[in-house]
$ cat work24.csv   # CSV, C-alpha atoms
chain,number,residue,atom,x,y,z
A,153,MET,CA,10.6,39.5,131.6
A,154,GLN,CA,13.9,40.0,129.8
A,155,TYR,CA,13.5,36.5,128.3
A,156,LEU,CA,10.0,37.4,127.1
A,157,ALA,CA,11.0,40.8,125.7
A,158,LEU,CA,13.9,39.2,123.7
A,159,GLY,CA,11.5,36.5,122.3
A,160,LEU,CA,9.0,39.2,121.2
A,161,ARG,CA,11.8,41.2,119.7
A,162,GLN,CA,12.9,38.2,117.7
A,163,ASP,CA,9.4,37.5,116.3
A,164,LEU,CA,8.2,41.1,115.8
A,165,GLY,CA,11.5,42.5,114.5
A,166,ARG,CA,11.2,45.6,116.8
A,167,GLU,CA,12.9,46.8,119.9
A,168,VAL,CA,10.6,45.3,122.6
A,169,VAL,CA,11.6,46.2,126.2
A,170,ALA,CA,10.6,45.3,129.7
A,171,VAL,CA,9.5,48.5,131.5
A,172,TRP,CA,11.0,49.0,135.0
A,173,PRO,CA,10.7,51.9,137.5
A,174,ARG,CA,13.2,54.6,136.5
A,175,LYS,CA,16.3,55.4,138.6
A,176,LEU,CA,16.4,51.9,140.1
A,177,ASP,CA,19.4,49.6,139.6
A,178,LEU,CA,19.1,45.9,139.6
A,179,PRO,CA,19.5,45.3,143.4
A,180,ALA,CA,16.9,48.1,144.1
A,181,ARG,CA,14.6,46.6,141.5
A,182,ARG,CA,14.9,43.2,143.1
A,183,ASP,CA,14.2,44.5,146.5
A,184,LEU,CA,11.1,46.3,145.3
A,185,ILE,CA,9.8,43.1,143.6
A,186,VAL,CA,10.4,41.0,146.7
A,187,LYS,CA,8.7,43.6,149.0
A,188,GLU,CA,5.6,43.7,146.7
A,189,LEU,CA,5.5,39.9,146.5
A,190,ALA,CA,5.6,39.6,150.3
A,191,ASP,CA,3.1,42.4,151.0
A,192,THR,CA,0.5,41.6,148.2
A,193,GLY,CA,1.3,38.2,146.8
A,194,HIS,CA,1.6,39.7,143.3
A,195,LEU,CA,4.3,39.9,140.7
A,196,ARG,CA,3.8,42.7,138.3
A,197,ALA,CA,5.7,43.8,135.1
A,198,THR,CA,5.1,45.7,131.8
A,199,VAL,CA,6.3,45.0,128.3
A,200,LYS,CA,6.4,47.8,125.7
A,201,VAL,CA,6.1,47.1,122.0
A,202,PRO,CA,6.8,50.0,119.6
A,203,ASP,CA,3.7,51.3,117.8
A,204,ALA,CA,1.4,49.1,119.8
A,205,VAL,CA,-1.8,50.7,121.1
A,206,ALA,CA,-0.5,50.4,124.7
A,207,PRO,CA,2.1,48.6,126.8
A,208,VAL,CA,1.1,45.2,128.1
A,209,ASP,CA,0.8,44.9,131.8
A,210,ILE,CA,1.3,41.5,133.4
A,211,ASP,CA,0.0,40.7,136.9
A,212,VAL,CA,0.6,37.3,138.5
A,213,ASP,CA,-1.5,36.6,141.6
A,214,LEU,CA,0.1,33.8,143.5
A,215,LYS,CA,-2.8,33.4,145.9
A,216,SER,CA,-5.4,32.8,143.2
A,217,ARG,CA,-2.8,31.3,140.8
A,218,LEU,CA,-4.0,33.6,138.0
A,219,ILE,CA,-2.0,35.5,135.3
A,220,THR,CA,-3.8,38.6,134.0
A,221,THR,CA,-2.6,40.5,131.0
A,222,SER,CA,-4.1,43.9,130.4
A,223,ILE,CA,-3.8,47.2,128.4
A,224,ASP,CA,-5.2,50.7,129.1
A,225,ILE,CA,-6.5,52.6,126.1
A,226,SER,CA,-7.7,56.2,125.8
A,227,ALA,CA,-11.2,56.6,124.5
A,228,PRO,CA,-12.0,58.6,121.4
A,229,ARG,CA,-12.5,62.3,122.1
A,230,GLU,CA,-15.3,62.8,119.6
A,231,GLY,CA,-18.8,61.3,119.2
A,232,ARG,CA,-21.5,60.2,121.6
A,233,SER,CA,-20.8,57.9,124.5
A,234,LYS,CA,-22.2,54.8,122.8
A,235,THR,CA,-20.3,55.6,119.6
A,236,ARG,CA,-17.1,55.7,121.5
A,237,ILE,CA,-17.8,52.3,123.0
A,238,SER,CA,-18.8,50.9,119.7
A,239,TRP,CA,-15.4,52.1,118.3
A,240,LEU,CA,-13.7,49.7,120.7
A,241,LEU,CA,-16.1,46.7,120.3
A,242,ARG,CA,-15.8,46.7,116.5
A,243,GLN,CA,-12.0,46.1,116.9
A,244,LEU,CA,-12.6,43.2,119.3
A,245,ARG,CA,-14.8,41.0,117.1
A,246,ASP,CA,-12.4,38.1,117.2
A,247,ALA,CA,-11.2,38.6,120.8
A,248,PRO,CA,-11.9,35.9,123.5
A,249,PRO,CA,-15.4,36.2,125.0
A,250,ALA,CA,-13.8,36.0,128.4
A,251,LEU,CA,-11.9,39.3,127.9
A,252,ARG,CA,-13.0,41.8,130.5
A,253,VAL,CA,-13.8,45.4,129.4
A,254,ASP,CA,-13.7,48.1,132.0
A,255,VAL,CA,-14.7,51.7,131.2
A,256,SER,CA,-13.8,54.7,133.3
A,257,TYR,CA,-15.4,58.1,133.1
A,258,PRO,CA,-14.2,61.6,133.9
A,259,LEU,CA,-15.0,63.3,137.2
A,260,VAL,CA,-16.6,60.1,138.7
A,261,ARG,CA,-15.1,57.1,140.6
A,262,ASP,CA,-17.7,54.7,139.2
A,263,THR,CA,-16.7,52.4,136.4
A,264,THR,CA,-18.5,49.9,134.3
A,265,SER,CA,-17.3,46.4,133.6
A,266,GLN,CA,-18.5,43.5,131.4
A,267,LEU,CA,-17.2,40.4,129.8
A,268,LEU,CA,-16.7,41.0,126.0
A,269,ALA,CA,-19.4,38.4,125.1
A,270,LEU,CA,-22.0,40.3,127.1
A,271,ALA,CA,-20.8,43.7,125.9
A,272,HIS,CA,-21.2,42.5,122.3
A,273,GLU,CA,-24.8,41.5,123.0
A,274,LYS,CA,-25.7,44.8,124.5
A,275,PRO,CA,-23.1,47.7,124.4
A,276,ASP,CA,-25.4,49.8,126.6
A,277,ARG,CA,-24.2,47.7,129.5
A,278,LEU,CA,-20.9,49.6,129.4
A,279,LEU,CA,-22.5,53.0,129.7
A,280,LEU,CA,-22.5,54.8,133.0
A,281,PRO,CA,-25.8,53.9,134.7
A,282,SER,CA,-26.2,57.2,136.5
A,283,ASP,CA,-25.4,59.2,133.4
A,284,PRO,CA,-25.6,57.2,130.1
A,285,LYS,CA,-24.7,60.3,128.1
A,286,ARG,CA,-21.3,60.8,129.9
A,287,GLU,CA,-18.5,60.1,127.4
A,288,PRO,CA,-16.0,57.4,128.4
A,289,ARG,CA,-12.4,58.5,129.3
A,290,ALA,CA,-10.5,55.3,129.0
A,291,PHE,CA,-10.8,51.5,128.5
A,292,THR,CA,-9.0,48.7,130.3
A,293,LEU,CA,-8.9,45.3,128.6
A,294,ALA,CA,-7.9,42.3,130.8
A,295,LEU,CA,-7.7,38.6,130.2
A,296,ALA,CA,-7.0,36.1,133.0
A,297,ARG,CA,-5.6,32.6,132.8
A,298,ASP,CA,-4.5,29.9,135.2
A,299,MET,CA,-0.8,30.2,136.3
A,300,GLY,CA,1.6,27.4,135.5
A,301,ILE,CA,3.1,25.8,138.6
A,302,LYS,CA,5.8,23.5,137.1
A,303,ARG,CA,9.5,24.4,136.9
A,304,GLY,CA,11.4,25.0,133.7
A,305,LYS,CA,10.1,26.7,130.6
A,306,GLY,CA,7.8,24.0,129.1
A,307,GLN,CA,4.1,23.6,129.0
A,308,GLY,CA,2.5,23.9,132.4
A,309,SER,CA,5.5,25.7,133.8
A,310,PHE,CA,5.3,29.2,135.3
A,311,VAL,CA,7.6,30.7,132.7
A,312,GLY,CA,6.0,28.7,129.8
A,313,GLU,CA,2.4,29.6,130.7
A,314,THR,CA,3.2,33.2,131.3
A,315,LYS,CA,5.0,33.5,128.0
A,316,GLN,CA,2.2,31.8,126.1
A,317,HIS,CA,-0.5,34.0,127.8
A,318,VAL,CA,1.3,37.2,126.8
A,319,LEU,CA,1.8,36.0,123.2
A,320,ASP,CA,-1.9,35.0,122.9
A,321,PHE,CA,-3.1,38.3,124.4
A,322,TYR,CA,-0.9,40.3,122.1
A,323,ARG,CA,-2.0,38.3,119.0
A,324,VAL,CA,-5.8,38.4,119.6
A,325,VAL,CA,-6.2,41.7,121.4
A,326,VAL,CA,-3.3,44.2,121.3
A,327,GLN,CA,-2.2,43.9,117.6
A,328,GLN,CA,-5.9,44.1,116.5
A,329,ILE,CA,-6.5,47.6,118.0
A,330,LYS,CA,-5.6,50.8,116.2
A,331,PRO,CA,-5.5,53.9,118.5
A,332,TRP,CA,-8.1,56.6,117.9
A,333,THR,CA,-7.1,59.6,115.8
A,334,ALA,CA,-9.1,62.7,115.1
A,335,ALA,CA,-10.4,63.0,111.6
A,336,ALA,CA,-9.0,65.9,109.5
A,337,PRO,CA,-11.3,69.0,109.5
A,338,ARG,CA,-13.3,69.1,106.2
A,339,LEU,CA,-13.7,72.1,103.9
A,340,PRO,CA,-17.3,73.1,103.3
A,341,SER,CA,-19.0,71.7,100.2
A,342,PRO,CA,-19.3,74.1,97.2
A,343,PRO,CA,-22.5,76.1,97.4
A,344,GLU,CA,-25.2,75.7,94.7
A,345,GLU,CA,-25.2,78.5,92.1
A,346,SER,CA,-27.5,81.4,93.1
A,347,GLU,CA,-27.5,85.1,93.0
A,348,PRO,CA,-25.3,86.4,95.8
A,349,GLU,CA,-27.1,88.0,98.7
A,350,ALA,CA,-25.7,90.3,101.5
A,351,SER,CA,-24.8,88.4,104.6
A,352,PRO,CA,-22.9,89.2,107.8
A,353,ARG,CA,-21.0,85.9,107.3
A,354,PRO,CA,-18.1,86.1,104.8
A,355,PRO,CA,-18.0,83.6,101.9
A,356,ASP,CA,-16.0,80.4,102.4
A,357,PHE,CA,-12.3,81.0,101.6
A,358,SER,CA,-12.3,77.8,99.5
A,359,ALA,CA,-15.3,78.7,97.4
A,360,GLU,CA,-14.8,79.5,93.7
A,361,ASP,CA,-15.9,82.7,92.0
A,362,THR,CA,-17.2,84.3,95.3
A,363,ARG,CA,-18.1,87.9,95.7
A,364,ASP,CA,-15.8,90.4,97.3
A,365,PRO,CA,-17.1,92.4,100.3
A,366,GLY,CA,-19.9,94.8,99.3
A,367,GLU,CA,-20.9,92.8,96.2
A,368,GLY,CA,-23.8,91.0,97.7
A,369,ARG,CA,-27.4,91.8,96.7
A,370,ASP,CA,-29.4,93.7,99.2
A,371,PRO,CA,-32.2,91.3,100.2
A,372,SER,CA,-34.6,94.3,100.8
A,373,ASN,CA,-34.5,95.3,97.1
$ encode --input "work24.csv" --output "structure tokens"
Amino acid sequence: MQYLALGLRQDLGREVVAVWPRKLDLPARRDLIVKELADTGHLRATVKVPDAVAPVDIDVDLKSRLITTSIDISAPREGRSKTRISWLLRQLRDAPPALRVDVSYPLVRDTTSQLLALAHEKPDRLLLPSDPKREPRAFTLALARDMGIKRGKGQGSFVGETKQHVLDFYRVVVQQIKPWTAAAPRLPSPPEESEPEASPRPPDFSAEDTRDPGEGRDPSN
């Protein structure tokens, strides 16, 4: 992981770091990795790239011999449920069809999951079946690849294939996605010219040549 972080730092020109559990020194970290490997058959790590939409999680399953890279993204906080899903899919036009898209929803355990190719064909497949109007809370994008089994760092090796998979995932998925930001609130449009009428609502602060309180025409006259 340190080798991978240094390589990304070299190519991106930014301070890329491998993320480890806090307050653990190297021996404790090694013990934790060994225990997880023995208990689950998995090796897991995370790489953080400054200003990227999310850290890249790496999961190596030694039983199935698969490497999976993934990111977790917060869903937009505005718009209808389908609009929020479309926001994500528009940014994944050039991503691999085998990319898996998982959608989680607030206050329910159920999630939806589809391959990107099927999600592009029909985005409604990612809506919550029991409540299609429920807005998504977060997205997980994951891409799996066969694990290298050779020694060394070349093609077909564990290190080489892991490195290439992370680079490909970052290039075609991570760097293509911009995090959602709320639009700035908009001032009201200038009203059409008309004779002012009395109203319980005050005139817009930004309006030009507006009446002062008490200057509106009484609509009963």
$ closest_residue --input "work24.csv" --among "A:Leu214, A:Leu244, A:Ala170, A:Ile219" --to "Gln327 in chain A" --atoms "all atoms listed in the file"
A:Leu244
$ closest_residue --input "work24.csv" --among "A:Leu267, A:Val260, A:Ala204, A:Val253" --to "Asp283 in chain A" --atoms "all atoms listed in the file"
A:Val260
$ residues_around --input "work24.csv" --residues "range 230-234 of chain A" --least-positions-apart "2" --cutoff "7 Å" --atoms "all atoms listed in the file" --output "PDB file with C-alpha atoms, in the coordinates of the input"
ATOM      1  CA  PRO A 228     -12.000  58.600 121.400  1.00  0.00           C
ATOM      2  CA  ARG A 236     -17.100  55.700 121.500  1.00  0.00           C
ATOM      3  CA  ILE A 237     -17.800  52.300 123.000  1.00  0.00           C
ATOM      4  CA  SER A 238     -18.800  50.900 119.700  1.00  0.00           C
ATOM      5  CA  LYS A 285     -24.700  60.300 128.100  1.00  0.00           C
ATOM      6  CA  ARG A 286     -21.300  60.800 129.900  1.00  0.00           C
ATOM      7  CA  GLU A 287     -18.500  60.100 127.400  1.00  0.00           C
ATOM      8  CA  PRO A 288     -16.000  57.400 128.400  1.00  0.00           C
TER       9      PRO A 288
END
$ atom_distance --input "work24.csv" --atom1 "CA of Val169 in chain A" --atom2 "CA of Ile301 in chain A"
25.3 Å
$ residues_near_point --input "work24.csv" --point "(-9.8, 61.1, 120.9)" --cutoff "9 Å" --atoms "all atoms listed in the file" --output "compact mmCIF listing (two decimals) with C-alpha atoms, in the frame of the given file"
# COMPACT_ATOMS: atom_id res chain seq x y z
CA SER A 226 -7.70 56.20 125.80
CA ALA A 227 -11.20 56.60 124.50
CA PRO A 228 -12.00 58.60 121.40
CA ARG A 229 -12.50 62.30 122.10
CA GLU A 230 -15.30 62.80 119.60
CA PRO A 331 -5.50 53.90 118.50
CA TRP A 332 -8.10 56.60 117.90
CA THR A 333 -7.10 59.60 115.80
CA ALA A 334 -9.10 62.70 115.10
$ atom_distance --input "work24.csv" --atom1 "CA of Leu158 in chain A" --atom2 "CA of Leu319 in chain A"
12.5 Å
$ atom_distance --input "work24.csv" --atom1 "CA of Pro248 in chain A" --atom2 "CA of Ile223 in chain A"
14.7 Å
$ residues_around --input "work24.csv" --residues "range 172-186 of chain A" --least-positions-apart "4" --cutoff "9 Å" --atoms "all atoms listed in the file" --output "list in words"
Ala190, Asp191, His194, Leu195, Arg196, Ala197 and Thr198 of chain A
$ closest_residue --input "work24.csv" --among "A:Met299, A:Val199, A:Leu339, A:Val326" --to "Thr314 in chain A" --atoms "all atoms listed in the file"
A:Met299
$ residues_around --input "work24.csv" --residues "Asp298 in chain A" --least-positions-apart "6" --cutoff "10 Å" --atoms "all atoms listed in the file" --output "ChimeraX atom specification"
/A:212-213,216-220,308,310,313-314,317
$ write_last_selection --input "work24.csv" --atoms "C-alpha atoms" --output "CSV table (one decimal), in the frame of the given file"
chain,number,residue,atom,x,y,z
A,212,VAL,CA,0.6,37.3,138.5
A,213,ASP,CA,-1.5,36.6,141.6
A,216,SER,CA,-5.4,32.8,143.2
A,217,ARG,CA,-2.8,31.3,140.8
A,218,LEU,CA,-4.0,33.6,138.0
A,219,ILE,CA,-2.0,35.5,135.3
A,220,THR,CA,-3.8,38.6,134.0
A,308,GLY,CA,2.5,23.9,132.4
A,310,PHE,CA,5.3,29.2,135.3
A,313,GLU,CA,2.4,29.6,130.7
A,314,THR,CA,3.2,33.2,131.3
A,317,HIS,CA,-0.5,34.0,127.8
$ residues_around --input "work24.csv" --residues "Leu251 in chain A" --least-positions-apart "6" --cutoff "8 Å" --atoms "all atoms listed in the file" --output "PDB file with C-alpha atoms, keeping the file's coordinate frame"
ATOM      1  CA  LEU A 267     -17.200  40.400 129.800  1.00  0.00           C
ATOM      2  CA  LEU A 268     -16.700  41.000 126.000  1.00  0.00           C
ATOM      3  CA  LEU A 293      -8.900  45.300 128.600  1.00  0.00           C
ATOM      4  CA  ALA A 294      -7.900  42.300 130.800  1.00  0.00           C
ATOM      5  CA  LEU A 295      -7.700  38.600 130.200  1.00  0.00           C
ATOM      6  CA  ALA A 296      -7.000  36.100 133.000  1.00  0.00           C
TER       7      ALA A 296
END
